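Contents: one structure, followed by commentary.
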Amino acid sequence: PSGGIWKTSCVRQNIASYLLVLILFLATVGPVRSDQVGDLQKQINDLESKISAAQTQEKTLSSQIALINNQIALKKLQIETLKVKISELGDKIAGITQKINSIGQSLEKNSLILVHRVEKTYIEGGTDPLFYLLGSNDFKDFTIRLEHLQIAQKKDKILMEQMALTKKNYGDQKTDLQAVKTEQEQLVVQLNKLNEDLARQNSEKESLLKVTKND
């Protein structure tokens with residue numbers, strides 16, 4: 001018996017340790033990505049300052065190459081930032097979708113419970129106290145039946161109120177999901193545009209380097 005207790009204790013400790021690691025991991029995913037976006041933005045701001053300063057200087061072939069190198073580096077940072085944001089939104093979409101599925105299951109379960117209760121109530125005599133009075137053996141039996149009816153009605157009312165709140169939450173989550181999906185789609189469009197700009201700038205750089213070699 002002591003061995004069984006020891007094994008159960010070890011299993012519980014392992015489960016607790018696993019849950020603790022999982023919670024800590026989930027708690028750090030958001031901040032890590034936020035820090036990553038913050039670091040990328042600092043680099044972007046620094047490059048934008050360099051590009052702005054370079055555009056006021058005298059244009060030479062070497063300065064143009066340096067400028068386009070900074071512009072290419074800037075585009076790469078902007079692309080990386082968008083990828084992180086798109087990934088964050090992907091995680092958010094997965095989380096909201098999971099909530100929607102859970103809420104949907106809860107609604108389905110409560111709907112079945114409510115239907116079952118309504119059917120049972122009407123089979124037993126409906127909600128009219130007169131039916132209970134006519135079907136009772138005596139006044140005490142009638143009082144008990146009526147009390148059970150009132151309790152059932154209160155439970156039904158509470159369940160319907162819960163279902164109304166659940167339906168509202170379900171609708172809110174669906175709205176949030178669509179908003180996040182739209183935001184992600186817009187970022188993907190921006191990402192594609194930046195990739196096109198990066199390809200164009202790389203082409204311009206190659207052209208400038210060819211000119212340098214010819215000189």
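Starting from 1 in every chain, residues are counted up; chains themselves are A, B, ... following the order of the structure tokens, and ligands are numbered from 1 as listed.
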Next on the checklist: I'd like the neighbourhood of segment 155-157 of chain A as number ranges by chain, where a residue qualifies if any of its atoms comes within 10 Å (using only C-alpha atoms), though same-chain residues fewer than 5 positions away should be ignored.
Outcome noted: A: 113-115, 117-118, 149-150, 162-163
Based on the selection just made, write all heavy atoms of those residues as a PDB file, in the first residue's frame.
ATOM      1  N   ILE A 113     -30.400  20.106 -22.278  1.00  0.00           N
ATOM      2  CA  ILE A 113     -30.917  20.043 -20.903  1.00  0.00           C
ATOM      3  C   ILE A 113     -32.251  20.766 -20.813  1.00  0.00           C
ATOM      4  O   ILE A 113     -33.219  20.268 -20.206  1.00  0.00           O
ATOM      5  CB  ILE A 113     -29.904  20.672 -19.913  1.00  0.00           C
ATOM      6  CG1 ILE A 113     -28.649  19.811 -19.804  1.00  0.00           C
ATOM      7  CG2 ILE A 113     -30.531  20.855 -18.532  1.00  0.00           C
ATOM      8  CD1 ILE A 113     -27.522  20.450 -19.017  1.00  0.00           C
ATOM      9  N   LEU A 114     -32.334  21.954 -21.426  1.00  0.00           N
ATOM     10  CA  LEU A 114     -33.563  22.749 -21.378  1.00  0.00           C
ATOM     11  C   LEU A 114     -34.713  22.039 -22.088  1.00  0.00           C
ATOM     12  O   LEU A 114     -35.839  21.992 -21.586  1.00  0.00           O
ATOM     13  CB  LEU A 114     -33.325  24.121 -22.003  1.00  0.00           C
ATOM     14  CG  LEU A 114     -34.473  25.134 -21.873  1.00  0.00           C
ATOM     15  CD1 LEU A 114     -34.796  25.399 -20.405  1.00  0.00           C
ATOM     16  CD2 LEU A 114     -34.106  26.440 -22.582  1.00  0.00           C
ATOM     17  N   VAL A 115     -34.431  21.474 -23.262  1.00  0.00           N
ATOM     18  CA  VAL A 115     -35.460  20.739 -24.014  1.00  0.00           C
ATOM     19  C   VAL A 115     -35.972  19.564 -23.185  1.00  0.00           C
ATOM     20  O   VAL A 115     -37.190  19.315 -23.113  1.00  0.00           O
ATOM     21  CB  VAL A 115     -34.897  20.241 -25.364  1.00  0.00           C
ATOM     22  CG1 VAL A 115     -35.851  19.243 -26.000  1.00  0.00           C
ATOM     23  CG2 VAL A 115     -34.667  21.410 -26.302  1.00  0.00           C
ATOM     24  N   ARG A 117     -35.968  19.274 -19.919  1.00  0.00           N
ATOM     25  CA  ARG A 117     -36.753  19.770 -18.789  1.00  0.00           C
ATOM     26  C   ARG A 117     -38.149  20.192 -19.222  1.00  0.00           C
ATOM     27  O   ARG A 117     -39.141  19.910 -18.544  1.00  0.00           O
ATOM     28  CB  ARG A 117     -36.034  20.964 -18.145  1.00  0.00           C
ATOM     29  CG  ARG A 117     -34.859  20.582 -17.272  1.00  0.00           C
ATOM     30  CD  ARG A 117     -34.280  21.810 -16.613  1.00  0.00           C
ATOM     31  NE  ARG A 117     -33.123  21.492 -15.797  1.00  0.00           N
ATOM     32  CZ  ARG A 117     -32.389  22.403 -15.174  1.00  0.00           C
ATOM     33  NH1 ARG A 117     -32.685  23.683 -15.295  1.00  0.00           N
ATOM     34  NH2 ARG A 117     -31.353  22.035 -14.446  1.00  0.00           N
ATOM     35  N   VAL A 118     -38.244  20.888 -20.363  1.00  0.00           N
ATOM     36  CA  VAL A 118     -39.547  21.335 -20.863  1.00  0.00           C
ATOM     37  C   VAL A 118     -40.439  20.141 -21.187  1.00  0.00           C
ATOM     38  O   VAL A 118     -41.623  20.109 -20.834  1.00  0.00           O
ATOM     39  CB  VAL A 118     -39.366  22.229 -22.112  1.00  0.00           C
ATOM     40  CG1 VAL A 118     -40.719  22.513 -22.767  1.00  0.00           C
ATOM     41  CG2 VAL A 118     -38.697  23.542 -21.727  1.00  0.00           C
ATOM     42  N   LEU A 149     -42.590  21.972  -9.065  1.00  0.00           N
ATOM     43  CA  LEU A 149     -42.788  22.738 -10.299  1.00  0.00           C
ATOM     44  C   LEU A 149     -42.117  24.102 -10.212  1.00  0.00           C
ATOM     45  O   LEU A 149     -41.435  24.537 -11.144  1.00  0.00           O
ATOM     46  CB  LEU A 149     -44.288  22.913 -10.566  1.00  0.00           C
ATOM     47  CG  LEU A 149     -44.658  23.852 -11.722  1.00  0.00           C
ATOM     48  CD1 LEU A 149     -44.145  23.298 -13.053  1.00  0.00           C
ATOM     49  CD2 LEU A 149     -46.171  24.084 -11.772  1.00  0.00           C
ATOM     50  N   GLN A 150     -42.295  24.772  -9.087  1.00  0.00           N
ATOM     51  CA  GLN A 150     -41.712  26.110  -8.902  1.00  0.00           C
ATOM     52  C   GLN A 150     -40.184  26.054  -8.907  1.00  0.00           C
ATOM     53  O   GLN A 150     -39.522  26.931  -9.473  1.00  0.00           O
ATOM     54  CB  GLN A 150     -42.224  26.720  -7.587  1.00  0.00           C
ATOM     55  CG  GLN A 150     -43.700  27.087  -7.634  1.00  0.00           C
ATOM     56  CD  GLN A 150     -44.254  27.454  -6.272  1.00  0.00           C
ATOM     57  OE1 GLN A 150     -43.654  27.147  -5.219  1.00  0.00           O
ATOM     58  NE2 GLN A 150     -45.411  28.106  -6.259  1.00  0.00           N
ATOM     59  N   GLN A 162     -28.485  32.035 -18.349  1.00  0.00           N
ATOM     60  CA  GLN A 162     -27.104  31.628 -18.631  1.00  0.00           C
ATOM     61  C   GLN A 162     -26.899  31.434 -20.137  1.00  0.00           C
ATOM     62  O   GLN A 162     -25.869  31.825 -20.688  1.00  0.00           O
ATOM     63  CB  GLN A 162     -26.777  30.337 -17.885  1.00  0.00           C
ATOM     64  CG  GLN A 162     -26.639  30.500 -16.383  1.00  0.00           C
ATOM     65  CD  GLN A 162     -26.424  29.183 -15.667  1.00  0.00           C
ATOM     66  OE1 GLN A 162     -26.664  28.109 -16.222  1.00  0.00           O
ATOM     67  NE2 GLN A 162     -25.983  29.234 -14.419  1.00  0.00           N
ATOM     68  N   MET A 163     -27.890  30.824 -20.777  1.00  0.00           N
ATOM     69  CA  MET A 163     -27.793  30.593 -22.213  1.00  0.00           C
ATOM     70  C   MET A 163     -27.788  31.906 -22.988  1.00  0.00           C
ATOM     71  O   MET A 163     -27.078  32.048 -23.992  1.00  0.00           O
ATOM     72  CB  MET A 163     -28.952  29.710 -22.684  1.00  0.00           C
ATOM     73  CG  MET A 163     -28.809  28.250 -22.290  1.00  0.00           C
ATOM     74  SD  MET A 163     -30.203  27.237 -22.850  1.00  0.00           S
ATOM     75  CE  MET A 163     -29.971  27.345 -24.632  1.00  0.00           C
TER      76      MET A 163
END
Next on the checklist: Can you tell me which residues surround Ser203 of chain A at a distance of at most 12 Å, considering only C-alpha atoms, apart from same-chain residues fewer than 5 positions away, and format the answer as JSON, numbers by chain?
Outcome noted: {"A": [65, 68, 69, 72, 196, 197, 198, 208, 209, 210]}
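Look at Gln64 of chain A: the protein and nucleic acid residues within 10 Å of it, using only C-alpha atoms and passing over chain neighbours fewer than 4 places away, are Ala54, Gln55, Glu58, Lys59, Thr60, Ile68, Asn69, Asn70, Lys205 and Leu208 of chain A.
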Checklist entry - Of the candidates A:Thr143, A:Ser102, A:Gln173, A:Ser87, which shows the shortest atom-to-atom distance to Glu185 of chain A, using only C-alpha atoms? => result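 The closest residue to Glu185 of chain A is A:Ser87.
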Next on the checklist: Need to verify the contact set: Gln184 of chain A, 8 Å, only C-alpha atoms, exclusion of same-chain residues closer than 5 positions in sequence. Can you return it as a PyMOL selection string?
Outcome noted: chain A and resi 86+89-90
Could you dump the residues just selected with C-alpha atoms as a compact mmCIF listing (two decimals), in the first residue's frame?
# COMPACT_ATOMS: atom_id res chain seq x y z
CA ILE A 86 1.14 37.91 -38.17
CA LEU A 89 -2.43 37.15 -34.62
CA GLY A 90 -2.35 33.50 -35.69
Checklist outcome for this item: Residue with the minimum atom-to-atom distance to Glu88 of chain A, picked from A:Lys193, A:Lys181, A:Arg200, A:Lys213 with only C-alpha atoms counted, is A:Lys181
Checklist entry - Of the candidates A:Val189, A:Leu177, A:Ala66, A:Leu194, which shows the shortest atom-to-atom distance to Ile96 of chain A, using only C-alpha atoms? => result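 Nearest candidate to Ile96 of chain A out of A:Val189, A:Leu177, A:Ala66, A:Leu194: A:Leu177.
You will find atom CA of Leu74 of chain A at 6.2 Å from atom CA of Leu47 of chain A.
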Checklist entry - Of the candidates A:Thr182, A:Thr166, A:Gln78, A:Thr212, which shows the shortest atom-to-atom distance to Leu61 of chain A, using only C-alpha atoms? => result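 Nearest candidate to Leu61 of chain A out of A:Thr182, A:Thr166, A:Gln78, A:Thr212: A:Thr212.
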Checklist entry - Mind pulling up the distance from atom CA of Gln43 of chain A to atom CA of Leu187 of chain A? => result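 According to the coordinates, atom CA of Leu187 of chain A and atom CA of Gln43 of chain A are separated by 19.8 Å.
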Checklist entry - Which neighbours of Ile103 of chain A fall inside 12 Å, counting only C-alpha atoms, when residues of the same chain fewer than 2 positions from it are skipped, and could you give them as a list in words? => result Ile96, Thr97, Gln98, Lys99, Ile100, Asn101, Gln105, Ser106, Leu107, Glu108, Lys109, Asn110, Gln162, Met163, Ala164, Leu165, Thr166, Lys167, Lys168, Asn169, Tyr170, Gly171, Asp172, Gln173 and Lys174 of chain A
Can I get the selected residues back with N, CA, C and O atoms, as a CSV table (one decimal), in the first residue's frame?
chain,number,residue,atom,x,y,z
A,96,ILE,N,-9.1,32.2,-29.9
A,96,ILE,CA,-10.5,32.6,-30.0
A,96,ILE,C,-11.3,31.5,-30.6
A,96,ILE,O,-12.4,31.2,-30.1
A,97,THR,N,-10.8,30.8,-31.6
A,97,THR,CA,-11.4,29.6,-32.2
A,97,THR,C,-11.7,28.6,-31.1
A,97,THR,O,-12.8,28.0,-31.1
A,98,GLN,N,-10.7,28.3,-30.3
A,98,GLN,CA,-10.9,27.3,-29.2
A,98,GLN,C,-12.0,27.8,-28.3
A,98,GLN,O,-12.9,26.9,-27.8
A,99,LYS,N,-12.1,29.1,-27.9
A,99,LYS,CA,-13.2,29.6,-27.1
A,99,LYS,C,-14.5,29.4,-27.7
A,99,LYS,O,-15.5,29.0,-27.1
A,100,ILE,N,-14.6,29.7,-29.0
A,100,ILE,CA,-15.9,29.6,-29.7
A,100,ILE,C,-16.3,28.1,-29.7
A,100,ILE,O,-17.5,27.9,-29.5
A,101,ASN,N,-15.4,27.2,-30.0
A,101,ASN,CA,-15.8,25.8,-29.9
A,101,ASN,C,-16.3,25.4,-28.6
A,101,ASN,O,-17.3,24.6,-28.5
A,105,GLN,N,-20.1,24.1,-27.6
A,105,GLN,CA,-20.4,22.9,-26.9
A,105,GLN,C,-21.3,23.1,-25.7
A,105,GLN,O,-22.2,22.3,-25.4
A,106,SER,N,-21.0,24.2,-25.0
A,106,SER,CA,-21.8,24.5,-23.8
A,106,SER,C,-23.2,24.9,-24.2
A,106,SER,O,-24.1,24.5,-23.5
A,107,LEU,N,-23.4,25.7,-25.2
A,107,LEU,CA,-24.7,26.0,-25.7
A,107,LEU,C,-25.5,24.8,-26.1
A,107,LEU,O,-26.7,24.6,-25.8
A,108,GLU,N,-24.8,23.9,-26.8
A,108,GLU,CA,-25.5,22.6,-27.2
A,108,GLU,C,-25.9,21.8,-26.1
A,108,GLU,O,-27.1,21.3,-26.0
A,109,LYS,N,-25.1,21.7,-25.1
A,109,LYS,CA,-25.4,20.9,-23.9
A,109,LYS,C,-26.5,21.5,-23.1
A,109,LYS,O,-27.5,20.8,-22.7
A,110,ASN,N,-26.5,22.8,-22.9
A,110,ASN,CA,-27.6,23.5,-22.1
A,110,ASN,C,-28.9,23.5,-22.9
A,110,ASN,O,-30.0,23.4,-22.3
A,162,GLN,N,-28.5,32.0,-18.3
A,162,GLN,CA,-27.1,31.6,-18.6
A,162,GLN,C,-26.9,31.4,-20.1
A,162,GLN,O,-25.9,31.8,-20.7
A,163,MET,N,-27.9,30.8,-20.8
A,163,MET,CA,-27.8,30.6,-22.2
A,163,MET,C,-27.8,31.9,-23.0
A,163,MET,O,-27.1,32.0,-24.0
A,164,ALA,N,-28.6,32.9,-22.5
A,164,ALA,CA,-28.6,34.2,-23.2
A,164,ALA,C,-27.2,34.9,-23.1
A,164,ALA,O,-26.7,35.4,-24.1
A,165,LEU,N,-26.6,34.8,-21.9
A,165,LEU,CA,-25.2,35.3,-21.7
A,165,LEU,C,-24.2,34.6,-22.6
A,165,LEU,O,-23.3,35.2,-23.2
A,166,THR,N,-24.4,33.3,-22.6
A,166,THR,CA,-23.5,32.4,-23.4
A,166,THR,C,-23.6,32.8,-24.9
A,166,THR,O,-22.6,32.8,-25.6
A,167,LYS,N,-24.8,32.9,-25.4
A,167,LYS,CA,-25.0,33.3,-26.8
A,167,LYS,C,-24.4,34.7,-27.1
A,167,LYS,O,-23.8,34.8,-28.2
A,168,LYS,N,-24.5,35.6,-26.2
A,168,LYS,CA,-23.9,36.9,-26.4
A,168,LYS,C,-22.4,36.8,-26.5
A,168,LYS,O,-21.8,37.4,-27.3
A,169,ASN,N,-21.8,36.0,-25.5
A,169,ASN,CA,-20.4,35.8,-25.5
A,169,ASN,C,-20.0,35.1,-26.8
A,169,ASN,O,-18.9,35.5,-27.4
A,170,TYR,N,-20.8,34.2,-27.3
A,170,TYR,CA,-20.5,33.5,-28.5
A,170,TYR,C,-20.4,34.5,-29.7
A,170,TYR,O,-19.5,34.5,-30.5
A,171,GLY,N,-21.4,35.4,-29.8
A,171,GLY,CA,-21.5,36.4,-30.8
A,171,GLY,C,-20.3,37.3,-30.7
A,171,GLY,O,-19.7,37.7,-31.8
A,172,ASP,N,-20.0,37.7,-29.5
A,172,ASP,CA,-18.8,38.6,-29.3
A,172,ASP,C,-17.5,38.0,-29.8
A,172,ASP,O,-16.7,38.7,-30.4
A,173,GLN,N,-17.3,36.7,-29.4
A,173,GLN,CA,-16.1,36.0,-29.8
A,173,GLN,C,-16.0,35.9,-31.4
A,173,GLN,O,-15.0,36.0,-32.0
A,174,LYS,N,-17.2,35.6,-32.0
A,174,LYS,CA,-17.2,35.5,-33.5
A,174,LYS,C,-16.8,36.9,-34.1
A,174,LYS,O,-16.1,36.9,-35.1
Item to check | Spatial neighbours of Ile44 of chain A, max dist 9 Å, only C-alpha atoms, sep filter under 3 positions, as a PyMOL selection string | outcome: chain A and resi 39-41+47-49+73-75+77-78
